[in-house]
Amino acid sequence: MNKTIVYTAIILFAVVALYACASKYEKASDPIDAAREFINGCLTGDVEKASFYMIDDAENHSQLLKIKRDFDARSNEEKFEFAHASILIFEDATLSDTVHIINYKNSYDNIGRKVKVIKRNGDWLVDFKYTFNGNL
């Protein structure tokens, strides 16, 4: 077999595999979509999904890992309830055309929470650290 064909096949396979991995989640179309997908990842314990919709920085990842540890420590019944809870968004506070504060709760624990969603490089992403320090 010709080496060029083998190399071409390997490169083609790598590109297809990379594309498949990269397109596992769709980019958020607006701040509500980003918040909803991020919150869903948190409620289901899907850190990979939540991380995809979150600003990539050390503090955000640290906070997300705490959420994951808390989720893992829950009983199977609680995990089920959180995973099947509805996300109830009751306010989209628009601070600017690139910054929104989304006020929400889930139907299981019914506790009001906030996430900050920022448009960065054309993508809507959650700045999760805001949830713990609302002065950002």
# chains A, B, ... in the order shown; residues from 1 in each chain; ligands from 1
>>> residues_around(residues="range 44-54 of chain A", least_positions_apart="3", cutoff="6 Å", atoms="only C-alpha atoms", output="ChimeraX atom specification")
/A:34,38,41,68,83,125-126
>>> write_last_selection(atoms="C-alpha atoms", output="mmCIF file, in the first residue's frame")
data_model
loop_
_atom_site.group_PDB
_atom_site.id
_atom_site.type_symbol
_atom_site.label_atom_id
_atom_site.label_comp_id
_atom_site.auth_asym_id
_atom_site.auth_seq_id
_atom_site.Cartn_x
_atom_site.Cartn_y
_atom_site.Cartn_z
ATOM 1 C CA ALA A 34 -25.708 28.999 27.755
ATOM 2 C CA PHE A 38 -24.511 24.859 32.005
ATOM 3 C CA GLY A 41 -24.687 19.873 33.281
ATOM 4 C CA LYS A 68 -19.126 17.733 41.201
ATOM 5 C CA ALA A 83 -31.103 15.207 37.172
ATOM 6 C CA LEU A 125 -20.254 31.362 28.361
ATOM 7 C CA VAL A 126 -21.028 31.194 32.076
#
>>> atom_distance(atom1="CA of Lys24 in chain A", atom2="CA of Asp56 in chain A")
17.4 Å
>>> residues_around(residues="Lys119 in chain A", least_positions_apart="6", cutoff="12 Å", atoms="only C-alpha atoms", output="list in words")
Lys27, Ala28, Ser29, Asp30, Pro31, Ile32, Ala34, Ala35, Tyr53, Met54, Ile55, Thr94, Leu95, Ser96, Asp97, Thr98, Val99, His100, Ile101, Leu125, Val126 and Asp127 of chain A
>>> atom_distance(atom1="CA of Arg74 in chain A", atom2="CA of Cys42 in chain A")
13.1 Å
>>> residues_around(residues="Phe128 in chain A", least_positions_apart="3", cutoff="9 Å", atoms="only C-alpha atoms", output="list in words")
Met54, Ile55, Glu59, Asn60, His61, Gln63, Leu64, Val115, Lys116, Val117, Thr131 and Phe132 of chain A
>>> write_last_selection(atoms="N, CA and C atoms", output="compact mmCIF listing (two decimals), in the first residue's frame")
# COMPACT_ATOMS: atom_id res chain seq x y z
N MET A 54 -18.76 27.05 30.07
CA MET A 54 -18.21 27.89 31.12
C MET A 54 -16.91 28.53 30.66
N ILE A 55 -16.65 29.75 31.16
CA ILE A 55 -15.37 30.40 30.88
C ILE A 55 -14.26 29.54 31.46
N GLU A 59 -10.38 29.48 38.61
CA GLU A 59 -11.39 29.64 39.66
C GLU A 59 -12.72 29.01 39.27
N ASN A 60 -13.13 29.19 38.01
CA ASN A 60 -14.36 28.56 37.55
C ASN A 60 -14.27 27.04 37.64
N HIS A 61 -13.15 26.48 37.20
CA HIS A 61 -12.99 25.02 37.25
C HIS A 61 -12.95 24.52 38.69
N GLN A 63 -14.53 25.86 41.27
CA GLN A 63 -15.91 25.89 41.74
C GLN A 63 -16.73 24.74 41.14
N LEU A 64 -16.49 24.44 39.88
CA LEU A 64 -17.20 23.35 39.22
C LEU A 64 -16.83 22.01 39.84
N VAL A 115 -26.41 33.02 37.77
CA VAL A 115 -25.19 32.81 36.99
C VAL A 115 -24.99 34.02 36.08
N LYS A 116 -23.75 34.34 35.88
CA LYS A 116 -23.39 35.44 34.98
C LYS A 116 -22.98 34.81 33.66
N VAL A 117 -23.55 35.33 32.58
CA VAL A 117 -23.23 34.83 31.24
C VAL A 117 -22.62 35.98 30.45
N THR A 131 -21.42 33.29 40.73
CA THR A 131 -22.42 32.66 41.57
C THR A 131 -22.02 32.70 43.04
N PHE A 132 -20.71 32.64 43.29
CA PHE A 132 -20.21 32.59 44.67
C PHE A 132 -19.72 33.94 45.16
>>> residues_around(residues="Leu43 in chain A", least_positions_apart="5", cutoff="10 Å", atoms="only C-alpha atoms", output="tab-separated table (two decimals) with N, CA and C atoms, in the first residue's frame")
chain	number	residue	atom	x	y	z
A	37	GLU	N	-27.89	25.20	29.52
A	37	GLU	CA	-27.03	24.04	29.26
A	37	GLU	C	-26.02	23.84	30.39
A	38	PHE	N	-25.45	24.94	30.89
A	38	PHE	CA	-24.51	24.86	32.01
A	38	PHE	C	-25.20	24.30	33.25
A	50	ALA	N	-20.98	20.94	31.54
A	50	ALA	CA	-20.98	22.24	32.23
A	50	ALA	C	-19.73	23.03	31.87
A	67	ILE	N	-18.80	21.53	42.95
A	67	ILE	CA	-20.17	21.12	42.63
A	67	ILE	C	-20.19	19.62	42.31
A	68	LYS	N	-19.21	19.15	41.56
A	68	LYS	CA	-19.13	17.73	41.20
A	68	LYS	C	-18.94	16.87	42.45
A	71	PHE	N	-22.20	16.74	44.24
A	71	PHE	CA	-23.13	15.88	43.50
A	71	PHE	C	-22.80	14.41	43.76
A	79	LYS	N	-29.60	12.38	43.44
A	79	LYS	CA	-29.03	12.54	42.10
A	79	LYS	C	-30.13	12.44	41.05
A	80	PHE	N	-31.01	11.47	41.22
A	80	PHE	CA	-32.12	11.30	40.28
A	80	PHE	C	-33.01	12.53	40.28
A	81	GLU	N	-33.35	13.02	41.47
A	81	GLU	CA	-34.24	14.18	41.57
A	81	GLU	C	-33.61	15.42	40.93
A	82	PHE	N	-32.33	15.67	41.19
A	82	PHE	CA	-31.66	16.82	40.58
A	82	PHE	C	-31.59	16.65	39.06
A	83	ALA	N	-31.25	15.45	38.61
A	83	ALA	CA	-31.10	15.21	37.17
A	83	ALA	C	-32.42	15.38	36.43
A	84	HIS	N	-33.53	15.16	37.11
A	84	HIS	CA	-34.84	15.27	36.46
A	84	HIS	C	-35.58	16.55	36.81
A	85	ALA	N	-34.91	17.44	37.53
A	85	ALA	CA	-35.54	18.72	37.90
A	85	ALA	C	-35.66	19.64	36.69
A	86	SER	N	-36.69	20.44	36.70
A	86	SER	CA	-36.85	21.47	35.67
A	86	SER	C	-36.04	22.69	36.07
A	87	ILE	N	-35.51	23.37	35.08
A	87	ILE	CA	-34.78	24.62	35.31
A	87	ILE	C	-35.77	25.75	35.10
A	106	ASN	N	-34.16	25.45	40.49
A	106	ASN	CA	-34.59	24.18	39.91
A	106	ASN	C	-35.80	23.69	40.70
>>> residues_around(residues="Leu88 in chain A", least_positions_apart="3", cutoff="9 Å", atoms="only C-alpha atoms", output="list in words")
Asn103, Tyr104, Lys105, Asn106, Ser107 and Asn110 of chain A
>>> write_last_selection(atoms="N, CA and C atoms", output="PDB file, in the first residue's frame")
ATOM      1  N   ASN A 103     -31.185  34.704  36.705  1.00  0.00           N
ATOM      2  CA  ASN A 103     -31.721  34.270  37.993  1.00  0.00           C
ATOM      3  C   ASN A 103     -32.589  33.043  37.741  1.00  0.00           C
ATOM      4  N   TYR A 104     -32.342  31.981  38.500  1.00  0.00           N
ATOM      5  CA  TYR A 104     -33.047  30.727  38.257  1.00  0.00           C
ATOM      6  C   TYR A 104     -33.164  29.917  39.539  1.00  0.00           C
ATOM      7  N   LYS A 105     -33.920  28.872  39.472  1.00  0.00           N
ATOM      8  CA  LYS A 105     -33.966  27.843  40.493  1.00  0.00           C
ATOM      9  C   LYS A 105     -34.333  26.544  39.791  1.00  0.00           C
ATOM     10  N   ASN A 106     -34.160  25.445  40.488  1.00  0.00           N
ATOM     11  CA  ASN A 106     -34.595  24.179  39.907  1.00  0.00           C
ATOM     12  C   ASN A 106     -35.800  23.690  40.697  1.00  0.00           C
ATOM     13  N   SER A 107     -36.599  22.858  40.079  1.00  0.00           N
ATOM     14  CA  SER A 107     -37.861  22.432  40.676  1.00  0.00           C
ATOM     15  C   SER A 107     -37.671  21.447  41.828  1.00  0.00           C
ATOM     16  N   ASN A 110     -35.697  24.152  44.780  1.00  0.00           N
ATOM     17  CA  ASN A 110     -36.415  25.427  44.738  1.00  0.00           C
ATOM     18  C   ASN A 110     -35.630  26.588  45.370  1.00  0.00           C
TER      19      ASN A 110
END
>>> atom_distance(atom1="CA of Asn76 in chain A", atom2="CA of Ile111 in chain A")
20.2 Å
